[in-house]
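Asker: Submitted below is the structure of interest, expressed as structure tokens.
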Amino acid sequence: MKIDPRIKILYLVLVSLLAFTLGNTPAYCLLAVQALIWAVTRTPLKEARYLRRAITFILLVLIFYAFFSGNREFELFKIYDINLKISISGLLEGLRMCLRFVTVLAASIIVRCGTSRQEFIEGLTGLKLPRTSAILFDLTLAYLEGKDKAGEGEERGNKKRGGNLVLKRLLKGELSVLIEMINSRMAAAKELIADSDLAIIFGLTIVVVSVRFLKVAEGFPLAPGHKNLVIVPCLIAAASLTRTRFAATQIGFVSGIINFLSGSGRFGVFDVLQSMTPGLTVDLMIGLTRWSRSIFVYGLIGLVAGLARVATVLVLSLLFRMPAEYFALLTIPAFFQCMFGALSAPISKYLVKNIKI
């Protein structure tokens, strides 16, 4: 029986909300329902491998609950004056929270595996997705699938090699490669659509999606947030050069959905939120500072956008009711996200100045 993709999307949203609001027993039942649906829909067991992307986060939850929550009554070991104890009650509470998270991840995998990209977009359109976003999705998916619709005939292998070449040139400081990539996508889009703003957004979306999918190469910064050096300037350029409302947010939304459908994220449906929040931040701040193209303004916007990217983990941490010590740990990735966001200012200014409108 074929299920309307709109129902699947609404179901995923509902599960994500209920998983963290229900009591323990109903939450366990919700997890059991996901296991049952997994079996009924014959979702391949190999898809469970995507759960390992969240292992680091799950382990952190368990560790912080065990050591910083409740009374540490269980002694792990004692060496001289060092007495390491954990809280069994805290560990169990952390495990319960992790099971809620796994419920959301399982629902995400079930919906993703049971819905094609095109069906997912049709579902979003049926839920009143804005027309510009629908067209943007269509063009982006056509490009990613190697169709001629976006004016490209390259095969996936060529795209991958091209992506690595782009990365190498960027590492050498050749910012012109971004302009070349954006302008070529814009030119292809303009052959299909009359909206020049949408063509600009499409060109920038392709860059953002490509950067998200590129693996870290040798010599590339390993600190979290390094991709902000390219992503944030693309968001700023979209918000600065177009009259489309929430242009940067749309780029974040489209790239987040594609990231979700590809199974590349760590937090399931929450990855869409992680992609959208920097775009929304950029849209709002550009709206307030549109009169200025100062590199310092772009630096400030990049810094706040970097902080917004940490918002998803912060929201999850609040849902998990993590101990205060965990939030202190979050300052490390937040620092790097903000740092790379701020350092992207020269690239932002370069893109805004050189993209052909």
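Labeling convention for the structure tokens: chains A, B, ... as they appear, residues from 1 per chain, ligands from 1 in order of appearance.
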Quick one: everything within 9 Å of range 56-66 of chain A, counting only C-alpha atoms, minus sequence neighbours fewer than 5 positions away in the same chain. Send it as a ChimeraX atom specification.
Answerer: /A:72,85-95,97-98,101,266,317,320,322-323,325-326
Asker: I'd like the contact shell of range 308-312 of chain A - 6 Å cut-off, only C-alpha atoms, skipping same-chain residues fewer than 4 positions apart - returned as an MDAnalysis selection string.
Answerer: chainID A and resid 274 277:278
Asker: Residues at most 9 Å from Ile179 in chain A, counting only C-alpha atoms, excluding those fewer than 5 positions away in the same chain, as a list of chain:residue names?
Answerer: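 Counting only C-alpha atoms, the residues come to A:Ser184, A:Leu351, A:Asn354, A:Ile355, A:Lys356.
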Asker: Can you work out which one of A:Tyr50, A:Cys113, A:Arg6, A:Leu99 has the shortest atom-to-atom distance to Cys29 in chain A, counting only C-alpha atoms?
Answerer: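 Looking only at the distances to Cys29 in chain A, the closest residue turns out to be A:Leu99.
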Asker: Skipping near chain neighbours, those fewer than 3 positions away, what residues fall within 9 Å of Leu105 in chain A using only C-alpha atoms, listed as an NGL selection string?
Answerer: :A and (16 or 50-51 or 54 or 100-102 or 108-110 or 266-269)
Asker: Find the residues near Phe137 in chain A: any atom within 12 Å, counting only C-alpha atoms, skip ones fewer than 2 places away on the same chain, and give them as a PDB file with C-alpha atoms, in the first residue's frame.
Answerer:
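In the end it all went to around-v2.pdb:
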ATOM      1  CA  ARG A 117      13.594  12.160  -3.332  1.00  0.00           C
ATOM      2  CA  GLN A 118      10.895  13.144  -5.789  1.00  0.00           C
ATOM      3  CA  GLU A 119       8.126  11.816  -3.538  1.00  0.00           C
ATOM      4  CA  PHE A 120       9.571  13.716  -0.600  1.00  0.00           C
ATOM      5  CA  ILE A 121       9.560  16.950  -2.584  1.00  0.00           C
ATOM      6  CA  GLU A 122       5.996  16.252  -3.722  1.00  0.00           C
ATOM      7  CA  LEU A 124       6.631  19.067   0.903  1.00  0.00           C
ATOM      8  CA  THR A 125       4.880  20.782  -2.006  1.00  0.00           C
ATOM      9  CA  LEU A 129       6.153  24.440   0.285  1.00  0.00           C
ATOM     10  CA  PRO A 130       6.857  27.867  -1.294  1.00  0.00           C
ATOM     11  CA  ARG A 131       7.006  27.821  -5.084  1.00  0.00           C
ATOM     12  CA  THR A 132      10.583  29.109  -5.188  1.00  0.00           C
ATOM     13  CA  SER A 133      11.736  26.355  -2.834  1.00  0.00           C
ATOM     14  CA  ALA A 134       9.969  23.719  -4.933  1.00  0.00           C
ATOM     15  CA  ILE A 135      11.701  24.939  -8.116  1.00  0.00           C
ATOM     16  CA  LEU A 139      16.807  22.078 -10.151  1.00  0.00           C
ATOM     17  CA  THR A 140      19.155  20.902  -7.401  1.00  0.00           C
ATOM     18  CA  LEU A 141      17.979  17.291  -7.542  1.00  0.00           C
ATOM     19  CA  ALA A 142      18.261  17.324 -11.325  1.00  0.00           C
ATOM     20  CA  TYR A 143      21.848  18.488 -11.009  1.00  0.00           C
ATOM     21  CA  LEU A 144      22.726  15.920  -8.345  1.00  0.00           C
ATOM     22  CA  GLU A 145      21.160  13.099 -10.319  1.00  0.00           C
ATOM     23  CA  ALA A 150      20.056  21.846 -15.034  1.00  0.00           C
ATOM     24  CA  LEU A 198      16.268  32.106  -8.322  1.00  0.00           C
ATOM     25  CA  ILE A 201      20.114  31.105  -5.335  1.00  0.00           C
ATOM     26  CA  PHE A 202      20.446  27.897  -7.351  1.00  0.00           C
ATOM     27  CA  THR A 205      22.834  26.164  -3.367  1.00  0.00           C
ATOM     28  CA  ILE A 206      24.938  23.881  -5.553  1.00  0.00           C
ATOM     29  CA  VAL A 209      25.429  21.165  -1.170  1.00  0.00           C
ATOM     30  CA  GLN A 250      15.808  28.400   1.538  1.00  0.00           C
ATOM     31  CA  ILE A 251      19.368  27.376   0.705  1.00  0.00           C
ATOM     32  CA  GLY A 252      19.752  25.952   4.202  1.00  0.00           C
ATOM     33  CA  PHE A 253      16.411  24.170   3.980  1.00  0.00           C
ATOM     34  CA  VAL A 254      17.114  22.609   0.581  1.00  0.00           C
ATOM     35  CA  SER A 255      20.642  21.526   1.507  1.00  0.00           C
ATOM     36  CA  GLY A 256      19.376  20.180   4.833  1.00  0.00           C
ATOM     37  CA  ILE A 257      16.638  18.091   3.219  1.00  0.00           C
ATOM     38  CA  ILE A 258      19.081  16.711   0.652  1.00  0.00           C
TER      39      ILE A 258
END
Asker: Identify which of the residues A:Pro233, A:Ile357, A:Val15, A:Val315 lies closest to Ser196 in chain A, counting only C-alpha atoms when measuring atom-to-atom distances.
Answerer: A:Ile357
Asker: Tell me which protein, DNA and RNA residues are within 9 Å of range 281-286 of chain A, counting only C-alpha atoms, leaving out same-chain ones fewer than 2 positions away, and put them as a PyMOL selection string.
Answerer: chain A and resi 232+235-236+238-240+245-249+276-279+288-292+298+301-302+304-305+308
Asker: Measuring between only C-alpha atoms, which one of A:Leu273, A:Leu261, A:Val13, A:Leu307 shows the shortest distance to Met339 in chain A?
Answerer: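 For Met339 in chain A, the nearest of the given residues is A:Leu307.
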Asker: Have a look at A:Leu319, A:Ala194, A:Val208, A:Val40 and name the one nearest to Ile182 in chain A; count only C-alpha atoms.
Answerer: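 Smallest separation from Ile182 in chain A among the options: A:Val208.
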Asker: If you run DSSP on the backbone, which residues of range 108-351 of chain A are alpha helix (DSSP H), as a VMD selection string?
Answerer: chain A and resid 108 to 113 117 to 126 131 to 144 156 to 171 176 to 190 196 to 213 228 to 241 247 to 261 270 to 289 295 to 309 311 to 319 324 to 343 345 to 351
